[in-house]
>>> print(open('model08.pdb').read())   # PDB, C-alpha atoms, pLDDT in the B column
ATOM      1  CA  MET C 149      33.957 -41.222  38.581  1.00 46.00           C
ATOM      2  CA  ALA C 150      32.013 -40.179  41.651  1.00 51.00           C
ATOM      3  CA  SER C 151      30.563 -36.683  41.592  1.00 50.00           C
ATOM      4  CA  PRO C 152      31.912 -34.336  44.256  1.00 54.00           C
ATOM      5  CA  LYS C 153      29.797 -33.870  47.341  1.00 54.00           C
ATOM      6  CA  PRO C 154      28.001 -30.524  47.549  1.00 51.00           C
ATOM      7  CA  VAL C 155      29.646 -27.976  49.796  1.00 47.00           C
ATOM      8  CA  LEU C 156      27.261 -27.239  52.627  1.00 43.00           C
ATOM      9  CA  PRO C 157      27.171 -23.797  54.226  1.00 52.00           C
ATOM     10  CA  THR C 158      28.767 -23.479  57.619  1.00 56.00           C
ATOM     11  CA  PRO C 159      26.488 -22.770  60.595  1.00 57.00           C
ATOM     12  CA  LYS C 160      27.754 -19.176  60.574  1.00 55.00           C
ATOM     13  CA  GLN C 161      26.952 -18.781  56.873  1.00 60.00           C
ATOM     14  CA  ALA C 162      23.511 -20.299  57.389  1.00 63.00           C
ATOM     15  CA  ARG C 163      22.748 -17.901  60.248  1.00 69.00           C
ATOM     16  CA  SER C 164      23.947 -14.996  58.131  1.00 76.00           C
ATOM     17  CA  GLU C 165      21.646 -15.994  55.276  1.00 82.00           C
ATOM     18  CA  VAL C 166      18.699 -16.317  57.656  1.00 86.00           C
ATOM     19  CA  SER C 167      19.315 -12.931  59.246  1.00 88.00           C
ATOM     20  CA  THR C 168      19.795 -11.278  55.851  1.00 89.00           C
ATOM     21  CA  GLY C 169      16.510 -12.742  54.666  1.00 88.00           C
ATOM     22  CA  LYS C 170      14.697 -11.494  57.745  1.00 92.00           C
ATOM     23  CA  LEU C 171      16.149  -8.009  57.360  1.00 92.00           C
ATOM     24  CA  LEU C 172      15.098  -7.823  53.723  1.00 92.00           C
ATOM     25  CA  ASP C 173      11.637  -9.131  54.589  1.00 92.00           C
ATOM     26  CA  ALA C 174      11.341  -6.461  57.269  1.00 93.00           C
ATOM     27  CA  ALA C 175      12.383  -3.791  54.764  1.00 92.00           C
ATOM     28  CA  ALA C 176       9.742  -4.983  52.283  1.00 93.00           C
ATOM     29  CA  GLU C 177       7.076  -4.930  54.998  1.00 94.00           C
ATOM     30  CA  LEU C 178       7.962  -1.379  56.039  1.00 93.00           C
ATOM     31  CA  ILE C 179       7.925  -0.145  52.453  1.00 93.00           C
ATOM     32  CA  SER C 180       4.603  -1.890  51.869  1.00 92.00           C
ATOM     33  CA  GLU C 181       3.143  -0.165  54.919  1.00 92.00           C
ATOM     34  CA  GLY C 182       4.652   3.301  54.704  1.00 90.00           C
ATOM     35  CA  GLY C 183       6.873   3.740  51.665  1.00 89.00           C
ATOM     36  CA  TYR C 184      10.591   4.229  51.181  1.00 86.00           C
ATOM     37  CA  GLU C 185      10.955   6.989  53.784  1.00 81.00           C
ATOM     38  CA  ARG C 186       9.655   4.717  56.549  1.00 77.00           C
ATOM     39  CA  MET C 187      12.298   2.150  55.699  1.00 85.00           C
ATOM     40  CA  THR C 188      14.941   3.353  58.154  1.00 88.00           C
ATOM     41  CA  LEU C 189      17.741   1.051  59.244  1.00 89.00           C
ATOM     42  CA  ALA C 190      16.630   1.334  62.866  1.00 90.00           C
ATOM     43  CA  ALA C 191      13.057   0.388  61.985  1.00 91.00           C
ATOM     44  CA  ILE C 192      14.258  -2.557  59.896  1.00 92.00           C
ATOM     45  CA  GLY C 193      16.393  -3.912  62.739  1.00 91.00           C
ATOM     46  CA  LYS C 194      13.540  -3.546  65.204  1.00 92.00           C
ATOM     47  CA  ARG C 195      11.021  -5.232  62.905  1.00 93.00           C
ATOM     48  CA  ALA C 196      13.379  -8.129  62.167  1.00 91.00           C
ATOM     49  CA  GLY C 197      14.436  -8.548  65.790  1.00 92.00           C
ATOM     50  CA  TYR C 198      18.069  -7.515  65.298  1.00 91.00           C
ATOM     51  CA  SER C 199      20.163  -4.542  66.307  1.00 87.00           C
ATOM     52  CA  HIS C 200      20.563  -1.416  64.229  1.00 83.00           C
ATOM     53  CA  GLY C 201      24.273  -2.188  64.100  1.00 88.00           C
ATOM     54  CA  LEU C 202      23.701  -5.498  62.322  1.00 90.00           C
ATOM     55  CA  VAL C 203      21.695  -3.785  59.593  1.00 88.00           C
ATOM     56  CA  THR C 204      24.489  -1.264  59.034  1.00 90.00           C
ATOM     57  CA  ALA C 205      27.178  -3.951  59.113  1.00 90.00           C
ATOM     58  CA  ARG C 206      25.287  -6.130  56.628  1.00 90.00           C
ATOM     59  CA  PHE C 207      24.291  -3.470  54.082  1.00 89.00           C
ATOM     60  CA  GLY C 208      26.382  -0.393  54.909  1.00 88.00           C
ATOM     61  CA  SER C 209      23.624   2.132  54.305  1.00 87.00           C
ATOM     62  CA  LYS C 210      19.971   2.547  53.430  1.00 84.00           C
ATOM     63  CA  GLU C 211      20.983   2.764  49.783  1.00 85.00           C
ATOM     64  CA  GLY C 212      22.939  -0.475  50.054  1.00 87.00           C
ATOM     65  CA  LEU C 213      19.929  -2.212  51.539  1.00 87.00           C
ATOM     66  CA  LEU C 214      17.758  -0.855  48.740  1.00 87.00           C
ATOM     67  CA  TRP C 215      20.060  -2.377  46.128  1.00 86.00           C
ATOM     68  CA  ALA C 216      20.008  -5.724  47.928  1.00 89.00           C
ATOM     69  CA  LEU C 217      16.219  -5.645  48.253  1.00 89.00           C
ATOM     70  CA  VAL C 218      15.572  -4.815  44.604  1.00 88.00           C
ATOM     71  CA  ASP C 219      18.146  -7.410  43.551  1.00 87.00           C
ATOM     72  CA  ARG C 220      16.302 -10.089  45.494  1.00 86.00           C
ATOM     73  CA  MET C 221      12.869  -9.028  44.285  1.00 87.00           C
ATOM     74  CA  VAL C 222      13.839  -8.686  40.622  1.00 88.00           C
ATOM     75  CA  ASN C 223      17.084 -10.396  39.647  1.00 85.00           C
ATOM     76  CA  GLU C 224      16.672 -13.501  41.799  1.00 85.00           C
ATOM     77  CA  TRP C 225      13.086 -13.812  40.560  1.00 89.00           C
ATOM     78  CA  ARG C 226      14.302 -13.742  36.975  1.00 89.00           C
ATOM     79  CA  ALA C 227      17.076 -16.249  37.572  1.00 89.00           C
ATOM     80  CA  ASP C 228      15.253 -18.693  39.847  1.00 88.00           C
ATOM     81  CA  LEU C 229      11.677 -18.587  38.534  1.00 88.00           C
ATOM     82  CA  LEU C 230      11.329 -16.903  35.167  1.00 92.00           C
ATOM     83  CA  GLY C 231      14.515 -18.246  33.580  1.00 91.00           C
ATOM     84  CA  PRO C 232      13.718 -21.958  34.011  1.00 92.00           C
ATOM     85  CA  ALA C 233      10.083 -21.388  33.001  1.00 92.00           C
ATOM     86  CA  ILE C 234      10.952 -19.852  29.618  1.00 93.00           C
ATOM     87  CA  ALA C 235      14.050 -21.908  28.871  1.00 90.00           C
ATOM     88  CA  ASP C 236      12.462 -23.904  26.028  1.00 89.00           C
ATOM     89  CA  GLN C 237       9.964 -21.292  24.843  1.00 91.00           C
ATOM     90  CA  SER C 238       9.868 -18.784  22.019  1.00 88.00           C
ATOM     91  CA  GLY C 239       7.565 -16.159  20.570  1.00 88.00           C
ATOM     92  CA  THR C 240       4.593 -14.876  22.523  1.00 92.00           C
ATOM     93  CA  ALA C 241       4.784 -17.938  24.783  1.00 94.00           C
ATOM     94  CA  VAL C 242       7.717 -16.260  26.555  1.00 95.00           C
ATOM     95  CA  LEU C 243       5.654 -13.161  27.292  1.00 96.00           C
ATOM     96  CA  HIS C 244       2.644 -15.215  28.388  1.00 96.00           C
ATOM     97  CA  THR C 245       4.870 -17.078  30.823  1.00 96.00           C
ATOM     98  CA  LEU C 246       6.284 -13.782  32.101  1.00 95.00           C
ATOM     99  CA  ILE C 247       2.748 -12.634  32.866  1.00 96.00           C
ATOM    100  CA  ASP C 248       1.891 -15.976  34.498  1.00 95.00           C
ATOM    101  CA  GLU C 249       4.977 -15.799  36.722  1.00 94.00           C
ATOM    102  CA  LEU C 250       4.077 -12.264  37.787  1.00 95.00           C
ATOM    103  CA  ALA C 251       0.594 -13.466  38.729  1.00 95.00           C
ATOM    104  CA  LYS C 252       2.117 -16.305  40.783  1.00 94.00           C
ATOM    105  CA  SER C 253       4.409 -13.837  42.556  1.00 93.00           C
ATOM    106  CA  TRP C 254       1.426 -11.686  43.535  1.00 94.00           C
ATOM    107  CA  ARG C 255      -0.172 -14.799  45.072  1.00 94.00           C
ATOM    108  CA  ARG C 256       2.988 -16.083  46.781  1.00 92.00           C
ATOM    109  CA  SER C 257       4.595 -12.848  47.932  1.00 91.00           C
ATOM    110  CA  PRO C 258       2.061  -9.993  47.944  1.00 93.00           C
ATOM    111  CA  THR C 259       4.067  -7.926  50.438  1.00 92.00           C
ATOM    112  CA  ARG C 260       7.239  -8.075  48.335  1.00 91.00           C
ATOM    113  CA  MET C 261       5.327  -7.240  45.179  1.00 93.00           C
ATOM    114  CA  ARG C 262       3.524  -4.348  46.800  1.00 93.00           C
ATOM    115  CA  ALA C 263       6.840  -3.031  48.135  1.00 93.00           C
ATOM    116  CA  LEU C 264       8.421  -3.256  44.673  1.00 93.00           C
ATOM    117  CA  TYR C 265       5.626  -1.298  43.037  1.00 93.00           C
ATOM    118  CA  ILE C 266       5.599   1.318  45.786  1.00 92.00           C
ATOM    119  CA  LEU C 267       9.304   1.818  45.116  1.00 92.00           C
ATOM    120  CA  MET C 268       8.517   2.238  41.422  1.00 92.00           C
ATOM    121  CA  PHE C 269       5.925   4.912  42.145  1.00 91.00           C
ATOM    122  CA  GLU C 270       8.137   6.692  44.672  1.00 90.00           C
ATOM    123  CA  ALA C 271      10.956   6.786  42.138  1.00 90.00           C
ATOM    124  CA  LEU C 272       9.142   9.829  40.712  1.00 91.00           C
ATOM    125  CA  LEU C 273       9.959  11.707  43.910  1.00 87.00           C
ATOM    126  CA  PRO C 274      13.320  13.499  44.402  1.00 86.00           C
ATOM    127  CA  VAL C 275      15.200  10.393  45.579  1.00 82.00           C
ATOM    128  CA  PRO C 276      18.069  10.180  43.032  1.00 86.00           C
ATOM    129  CA  LEU C 277      19.279   6.661  43.801  1.00 84.00           C
ATOM    130  CA  LEU C 278      15.762   5.238  43.739  1.00 88.00           C
ATOM    131  CA  HIS C 279      15.005   7.040  40.475  1.00 91.00           C
ATOM    132  CA  GLU C 280      18.217   5.744  38.913  1.00 90.00           C
ATOM    133  CA  ARG C 281      17.601   2.162  40.020  1.00 89.00           C
ATOM    134  CA  MET C 282      14.015   2.030  38.810  1.00 92.00           C
ATOM    135  CA  ALA C 283      14.785   3.732  35.506  1.00 94.00           C
ATOM    136  CA  ALA C 284      17.502   1.133  34.863  1.00 92.00           C
ATOM    137  CA  LEU C 285      15.157  -1.693  35.856  1.00 92.00           C
ATOM    138  CA  HIS C 286      12.514  -0.551  33.376  1.00 95.00           C
ATOM    139  CA  GLU C 287      15.032   0.005  30.599  1.00 96.00           C
ATOM    140  CA  ASP C 288      16.324  -3.526  31.127  1.00 94.00           C
ATOM    141  CA  LEU C 289      12.796  -4.960  30.996  1.00 94.00           C
ATOM    142  CA  ARG C 290      11.892  -3.024  27.834  1.00 97.00           C
ATOM    143  CA  ARG C 291      15.088  -4.216  26.172  1.00 96.00           C
ATOM    144  CA  SER C 292      14.446  -7.817  27.197  1.00 95.00           C
ATOM    145  CA  VAL C 293      10.870  -7.765  25.881  1.00 96.00           C
ATOM    146  CA  ALA C 294      11.979  -6.072  22.646  1.00 97.00           C
ATOM    147  CA  ASP C 295      14.721  -8.692  22.154  1.00 96.00           C
ATOM    148  CA  THR C 296      12.166 -11.466  22.683  1.00 96.00           C
ATOM    149  CA  ILE C 297       9.874  -9.931  20.072  1.00 97.00           C
ATOM    150  CA  ALA C 298      12.734  -9.392  17.617  1.00 97.00           C
ATOM    151  CA  ARG C 299      13.782 -13.040  17.936  1.00 95.00           C
ATOM    152  CA  SER C 300      10.191 -14.107  17.335  1.00 95.00           C
ATOM    153  CA  ILE C 301      10.096 -11.996  14.177  1.00 96.00           C
ATOM    154  CA  ASN C 302      13.426 -13.410  12.952  1.00 95.00           C
ATOM    155  CA  GLU C 303      12.191 -16.949  13.588  1.00 93.00           C
ATOM    156  CA  GLY C 304       9.127 -16.315  11.434  1.00 94.00           C
ATOM    157  CA  ILE C 305       6.692 -16.640  14.344  1.00 94.00           C
ATOM    158  CA  THR C 306       5.591 -13.011  14.682  1.00 96.00           C
ATOM    159  CA  SER C 307       4.634 -10.707  11.825  1.00 96.00           C
ATOM    160  CA  PRO C 308       7.588  -8.693  10.450  1.00 96.00           C
ATOM    161  CA  ASP C 309       5.337  -5.613  10.444  1.00 96.00           C
ATOM    162  CA  VAL C 310       5.620  -5.377  14.248  1.00 97.00           C
ATOM    163  CA  ASP C 311       7.798  -2.610  15.709  1.00 98.00           C
ATOM    164  CA  ALA C 312       9.565  -4.531  18.500  1.00 97.00           C
ATOM    165  CA  ALA C 313      10.621  -1.465  20.501  1.00 97.00           C
ATOM    166  CA  ALA C 314       7.186   0.159  20.370  1.00 98.00           C
ATOM    167  CA  ALA C 315       5.437  -3.095  21.290  1.00 98.00           C
ATOM    168  CA  ALA C 316       7.827  -3.555  24.218  1.00 97.00           C
ATOM    169  CA  ARG C 317       7.024  -0.088  25.558  1.00 98.00           C
ATOM    170  CA  LEU C 318       3.297  -0.795  25.353  1.00 98.00           C
ATOM    171  CA  ILE C 319       3.595  -4.208  27.021  1.00 97.00           C
ATOM    172  CA  VAL C 320       5.759  -2.949  29.889  1.00 97.00           C
ATOM    173  CA  GLY C 321       3.417   0.001  30.343  1.00 97.00           C
ATOM    174  CA  ALA C 322       0.439  -2.358  30.428  1.00 97.00           C
ATOM    175  CA  LEU C 323       2.099  -4.595  33.012  1.00 96.00           C
ATOM    176  CA  ARG C 324       2.786  -1.653  35.306  1.00 96.00           C
ATOM    177  CA  GLY C 325      -0.648  -0.161  34.740  1.00 96.00           C
ATOM    178  CA  ALA C 326      -2.383  -3.469  35.434  1.00 96.00           C
ATOM    179  CA  SER C 327      -0.637  -3.832  38.788  1.00 95.00           C
ATOM    180  CA  TYR C 328      -1.284  -0.194  39.684  1.00 95.00           C
ATOM    181  CA  GLN C 329      -5.009  -0.491  39.011  1.00 96.00           C
ATOM    182  CA  SER C 330      -5.221  -3.683  41.042  1.00 96.00           C
ATOM    183  CA  MET C 331      -3.307  -2.181  43.984  1.00 95.00           C
ATOM    184  CA  LEU C 332      -5.543   0.883  43.875  1.00 95.00           C
ATOM    185  CA  ASP C 333      -8.858  -0.952  43.616  1.00 97.00           C
ATOM    186  CA  PRO C 334      -8.398  -4.721  44.084  1.00 95.00           C
ATOM    187  CA  ALA C 335     -12.119  -5.396  44.483  1.00 97.00           C
ATOM    188  CA  ARG C 336     -12.962  -4.037  41.036  1.00 97.00           C
ATOM    189  CA  VAL C 337      -9.694  -4.952  39.332  1.00 97.00           C
ATOM    190  CA  PRO C 338      -8.324  -8.232  40.733  1.00 96.00           C
ATOM    191  CA  ILE C 339      -4.698  -8.780  39.758  1.00 96.00           C
ATOM    192  CA  LYS C 340      -5.570 -12.016  37.933  1.00 94.00           C
ATOM    193  CA  VAL C 341      -8.058 -10.177  35.721  1.00 96.00           C
ATOM    194  CA  ALA C 342      -5.741  -7.209  35.162  1.00 97.00           C
ATOM    195  CA  LEU C 343      -2.863  -9.427  34.040  1.00 96.00           C
ATOM    196  CA  SER C 344      -5.173 -11.498  31.844  1.00 96.00           C
ATOM    197  CA  ASP C 345      -5.995  -8.302  29.992  1.00 96.00           C
ATOM    198  CA  VAL C 346      -2.279  -7.862  29.306  1.00 97.00           C
ATOM    199  CA  ARG C 347      -2.180 -11.341  27.764  1.00 96.00           C
ATOM    200  CA  VAL C 348      -4.891 -10.231  25.331  1.00 96.00           C
ATOM    201  CA  LEU C 349      -2.892  -7.100  24.527  1.00 97.00           C
ATOM    202  CA  VAL C 350       0.227  -9.173  23.801  1.00 97.00           C
ATOM    203  CA  ASP C 351      -1.670 -11.314  21.289  1.00 96.00           C
ATOM    204  CA  THR C 352      -3.159  -8.207  19.682  1.00 96.00           C
ATOM    205  CA  LEU C 353       0.173  -6.409  19.371  1.00 97.00           C
ATOM    206  CA  LEU C 354       2.056  -9.471  18.125  1.00 96.00           C
ATOM    207  CA  PRO C 355       0.069 -11.201  15.380  1.00 95.00           C
ATOM    208  CA  ASN C 356       1.483 -14.369  13.907  1.00 93.00           C
ATOM    209  CA  ALA C 357       3.459 -14.155  10.721  1.00 90.00           C
ATOM    210  CA  ALA C 358       1.584 -15.110   7.581  1.00 85.00           C
ATOM    211  CA  PRO C 359       2.305 -18.700   6.534  1.00 79.00           C
ATOM    212  CA  SER C 360       4.812 -18.934   3.734  1.00 62.00           C
ATOM    213  CA  ARG C 361       3.393 -20.016   0.427  1.00 45.00           C
ATOM    214  CA  THR C 362       5.318 -22.399  -1.739  1.00 39.00           C
ATOM    215  CA  LYS C 363       4.346 -22.976  -5.328  1.00 43.00           C
ATOM    216  CA  ARG C 364       3.235 -26.467  -6.171  1.00 48.00           C
ATOM    217  CA  PRO C 365       4.924 -28.036  -9.175  1.00 49.00           C
ATOM    218  CA  ARG C 366       2.683 -28.175 -12.218  1.00 48.00           C
ATOM    219  CA  ARG C 367       1.567 -31.538 -13.435  1.00 51.00           C
ATOM    220  CA  ALA C 368       2.936 -32.586 -16.753  1.00 44.00           C
TER     221      ALA C 368
END
>>> encode(input="model08.pdb", output="structure tokens")
Amino acid sequence: MASPKPVLPTPKQARSEVSTGKLLDAAAELISEGGYERMTLAAIGKRAGYSHGLVTARFGSKEGLLWALVDRMVNEWRADLLGPAIADQSGTAVLHTLIDELAKSWRRSPTRMRALYILMFEALLPVPLLHERMAALHEDLRRSVADTIARSINEGITSPDVDAAAAARLIVGALRGASYQSMLDPARVPIKVALSDVRVLVDTLLPNAAPSRTKRPRRA
């Protein structure tokens, strides 16, 4: 039986996707240059080459655009890049791959990554929606890392003495701190070096489980 032909987007849909991508890219650039406050809808439209009205029609509000931007930078990254990379992995290999994919993202899309981390830092300011979104993002990442560690313990790969929740907090904190140090002083702390240090931390926090010992039968 012949497989159905893929449904191709209409020209209108394709143009919409292109314009949406340009608007989100413009938003990331503005955040990277001047922070969340500089990311006005008018400035986004001007930077992307579209009208202010299109930005409003596409996202509704600045908050709506923020949700779309973070979704693209985080959720699409997880689904399209991280997910396939860790599909057949377990144990610390999953966390090593996570770190590797972050390093690749810094090389491929430095503006997007810088914008994401600026949003994280600015979430400490009195911007309720931004604070809520970033707090949820970090809680989700801590839970995901803790679940990965717990599975590794249950599978007998990682030592059962490890506290999965505590290790997850330390690893997520190290990932954020590594990127912050590199953004602050890239000459002294290149992102590749900073993230390599996190790999070492992962291996230190998550020692392998001791090999099981089986008694050999005695000879008659």
>>> atom_distance(input="model08.pdb", atom1="CA of Ala251 (chain C)", atom2="CA of Lys340 (chain C)")
6.4 Å
>>> resolve_selection(input="model08.pdb", expression="the PyMOL selection byres ((chain C and resi 180-186) around 9)", output="list in words")
Ala175, Ala176, Glu177, Leu178, Ile179, Met187, Thr188, Ala191, Thr259, Arg260, Met261, Arg262, Ala263, Leu264, Tyr265, Ile266, Leu267 and Glu270 of chain C
>>> resolve_selection(input="model08.pdb", expression="the PyMOL selection byres ((chain C and resi 171) around 10)", output="JSON, numbers by chain")
{"C": [165, 166, 167, 168, 169, 170, 172, 173, 174, 175, 176, 177, 189, 192, 193, 194, 195, 196, 197, 198, 202, 203, 206, 207, 213, 217]}
>>> closest_residue(input="model08.pdb", among="C:Ala227, C:Ile301, C:Ala205, C:Met282", to="Ala357 (chain C)", atoms="only C-alpha atoms")
C:Ile301
>>> atom_distance(input="model08.pdb", atom1="CA of Ala313 (chain C)", atom2="CA of Ala294 (chain C)")
5.3 Å
>>> atom_distance(input="model08.pdb", atom1="CA of Ser238 (chain C)", atom2="CA of Val350 (chain C)")
13.7 Å
>>> closest_residue(input="model08.pdb", among="C:Leu343, C:Leu354, C:Ser292, C:Asn223", to="Leu323 (chain C)", atoms="all atoms listed in the file")
C:Leu343
>>> closest_residue(input="model08.pdb", among="C:Ile319, C:Leu353, C:Val348, C:Leu332", to="Ser307 (chain C)", atoms="only C-alpha atoms")
C:Leu353
>>> resolve_selection(input="model08.pdb", expression="the PyMOL selection byres ((chain C and resi 339) around 9)", output="list in words")
Ala251, Trp254, Ala326, Ser327, Gln329, Ser330, Met331, Pro334, Val337, Pro338, Lys340, Val341, Ala342, Leu343 and Ser344 of chain C
>>> closest_residue(input="model08.pdb", among="C:Leu229, C:Met268, C:Ile234, C:Ile305", to="Lys252 (chain C)", atoms="all atoms listed in the file")
C:Leu229
>>> closest_residue(input="model08.pdb", among="C:Ala312, C:Ala241, C:Arg347, C:Ser199", to="Arg291 (chain C)", atoms="only C-alpha atoms")
C:Ala312
>>> axis_aligned_box(input="model08.pdb", around="region 251-265 of chain C", padding_each_side="5 Å", output="JSON")
{"center_x": 4.1, "center_y": -8.8, "center_z": 44.6, "size_x": 18.6, "size_y": 25.0, "size_z": 21.7}
>>> closest_residue(input="model08.pdb", among="C:Leu349, C:Ala335, C:Ile297, C:Leu278", to="Gly321 (chain C)", atoms="all atoms listed in the file")
C:Leu349
>>> build_atoms(input="model08.pdb", residues="region 198-217 of chain C", atoms="N, CA and C atoms", output="PDB file, in the coordinates of the input")
ATOM      1  N   TYR C 198      16.618  -7.639  65.211  1.00 91.00           N
ATOM      2  CA  TYR C 198      18.069  -7.515  65.298  1.00 91.00           C
ATOM      3  C   TYR C 198      18.434  -6.076  65.656  1.00 91.00           C
ATOM      4  N   SER C 199      19.716  -5.881  65.949  1.00 87.00           N
ATOM      5  CA  SER C 199      20.163  -4.542  66.307  1.00 87.00           C
ATOM      6  C   SER C 199      20.339  -3.673  65.069  1.00 87.00           C
ATOM      7  N   HIS C 200      20.307  -2.368  65.297  1.00 83.00           N
ATOM      8  CA  HIS C 200      20.563  -1.416  64.229  1.00 83.00           C
ATOM      9  C   HIS C 200      21.964  -1.609  63.662  1.00 83.00           C
ATOM     10  N   GLY C 201      22.896  -1.988  64.534  1.00 88.00           N
ATOM     11  CA  GLY C 201      24.273  -2.188  64.100  1.00 88.00           C
ATOM     12  C   GLY C 201      24.416  -3.317  63.097  1.00 88.00           C
ATOM     13  N   LEU C 202      23.614  -4.377  63.258  1.00 90.00           N
ATOM     14  CA  LEU C 202      23.701  -5.498  62.322  1.00 90.00           C
ATOM     15  C   LEU C 202      23.239  -5.062  60.938  1.00 90.00           C
ATOM     16  N   VAL C 203      22.194  -4.256  60.886  1.00 88.00           N
ATOM     17  CA  VAL C 203      21.695  -3.785  59.593  1.00 88.00           C
ATOM     18  C   VAL C 203      22.778  -2.977  58.878  1.00 88.00           C
ATOM     19  N   THR C 204      23.428  -2.087  59.619  1.00 90.00           N
ATOM     20  CA  THR C 204      24.489  -1.264  59.034  1.00 90.00           C
ATOM     21  C   THR C 204      25.671  -2.127  58.597  1.00 90.00           C
ATOM     22  N   ALA C 205      26.048  -3.089  59.444  1.00 90.00           N
ATOM     23  CA  ALA C 205      27.178  -3.951  59.113  1.00 90.00           C
ATOM     24  C   ALA C 205      26.896  -4.805  57.884  1.00 90.00           C
ATOM     25  N   ARG C 206      25.643  -5.243  57.737  1.00 90.00           N
ATOM     26  CA  ARG C 206      25.287  -6.130  56.628  1.00 90.00           C
ATOM     27  C   ARG C 206      25.159  -5.384  55.299  1.00 90.00           C
ATOM     28  N   PHE C 207      24.590  -4.173  55.331  1.00 89.00           N
ATOM     29  CA  PHE C 207      24.291  -3.470  54.082  1.00 89.00           C
ATOM     30  C   PHE C 207      25.030  -2.144  53.918  1.00 89.00           C
ATOM     31  N   GLY C 208      25.611  -1.626  54.996  1.00 88.00           N
ATOM     32  CA  GLY C 208      26.382  -0.393  54.909  1.00 88.00           C
ATOM     33  C   GLY C 208      25.563   0.871  55.025  1.00 88.00           C
ATOM     34  N   SER C 209      24.446   0.931  54.307  1.00 87.00           N
ATOM     35  CA  SER C 209      23.624   2.132  54.305  1.00 87.00           C
ATOM     36  C   SER C 209      22.221   1.770  53.832  1.00 87.00           C
ATOM     37  N   LYS C 210      21.328   2.752  53.921  1.00 84.00           N
ATOM     38  CA  LYS C 210      19.971   2.547  53.430  1.00 84.00           C
ATOM     39  C   LYS C 210      19.985   2.282  51.921  1.00 84.00           C
ATOM     40  N   GLU C 211      20.874   2.963  51.222  1.00 85.00           N
ATOM     41  CA  GLU C 211      20.983   2.764  49.783  1.00 85.00           C
ATOM     42  C   GLU C 211      21.477   1.356  49.459  1.00 85.00           C
ATOM     43  N   GLY C 212      22.441   0.881  50.257  1.00 87.00           N
ATOM     44  CA  GLY C 212      22.939  -0.475  50.054  1.00 87.00           C
ATOM     45  C   GLY C 212      21.865  -1.512  50.284  1.00 87.00           C
ATOM     46  N   LEU C 213      21.035  -1.290  51.275  1.00 87.00           N
ATOM     47  CA  LEU C 213      19.929  -2.212  51.539  1.00 87.00           C
ATOM     48  C   LEU C 213      18.929  -2.172  50.401  1.00 87.00           C
ATOM     49  N   LEU C 214      18.687  -0.975  49.860  1.00 87.00           N
ATOM     50  CA  LEU C 214      17.758  -0.855  48.740  1.00 87.00           C
ATOM     51  C   LEU C 214      18.231  -1.680  47.552  1.00 87.00           C
ATOM     52  N   TRP C 215      19.523  -1.595  47.237  1.00 86.00           N
ATOM     53  CA  TRP C 215      20.060  -2.377  46.128  1.00 86.00           C
ATOM     54  C   TRP C 215      19.875  -3.867  46.371  1.00 86.00           C
ATOM     55  N   ALA C 216      20.149  -4.305  47.601  1.00 89.00           N
ATOM     56  CA  ALA C 216      20.008  -5.724  47.928  1.00 89.00           C
ATOM     57  C   ALA C 216      18.554  -6.161  47.832  1.00 89.00           C
ATOM     58  N   LEU C 217      17.640  -5.306  48.271  1.00 89.00           N
ATOM     59  CA  LEU C 217      16.219  -5.645  48.253  1.00 89.00           C
ATOM     60  C   LEU C 217      15.703  -5.758  46.825  1.00 89.00           C
TER      61      LEU C 217
END
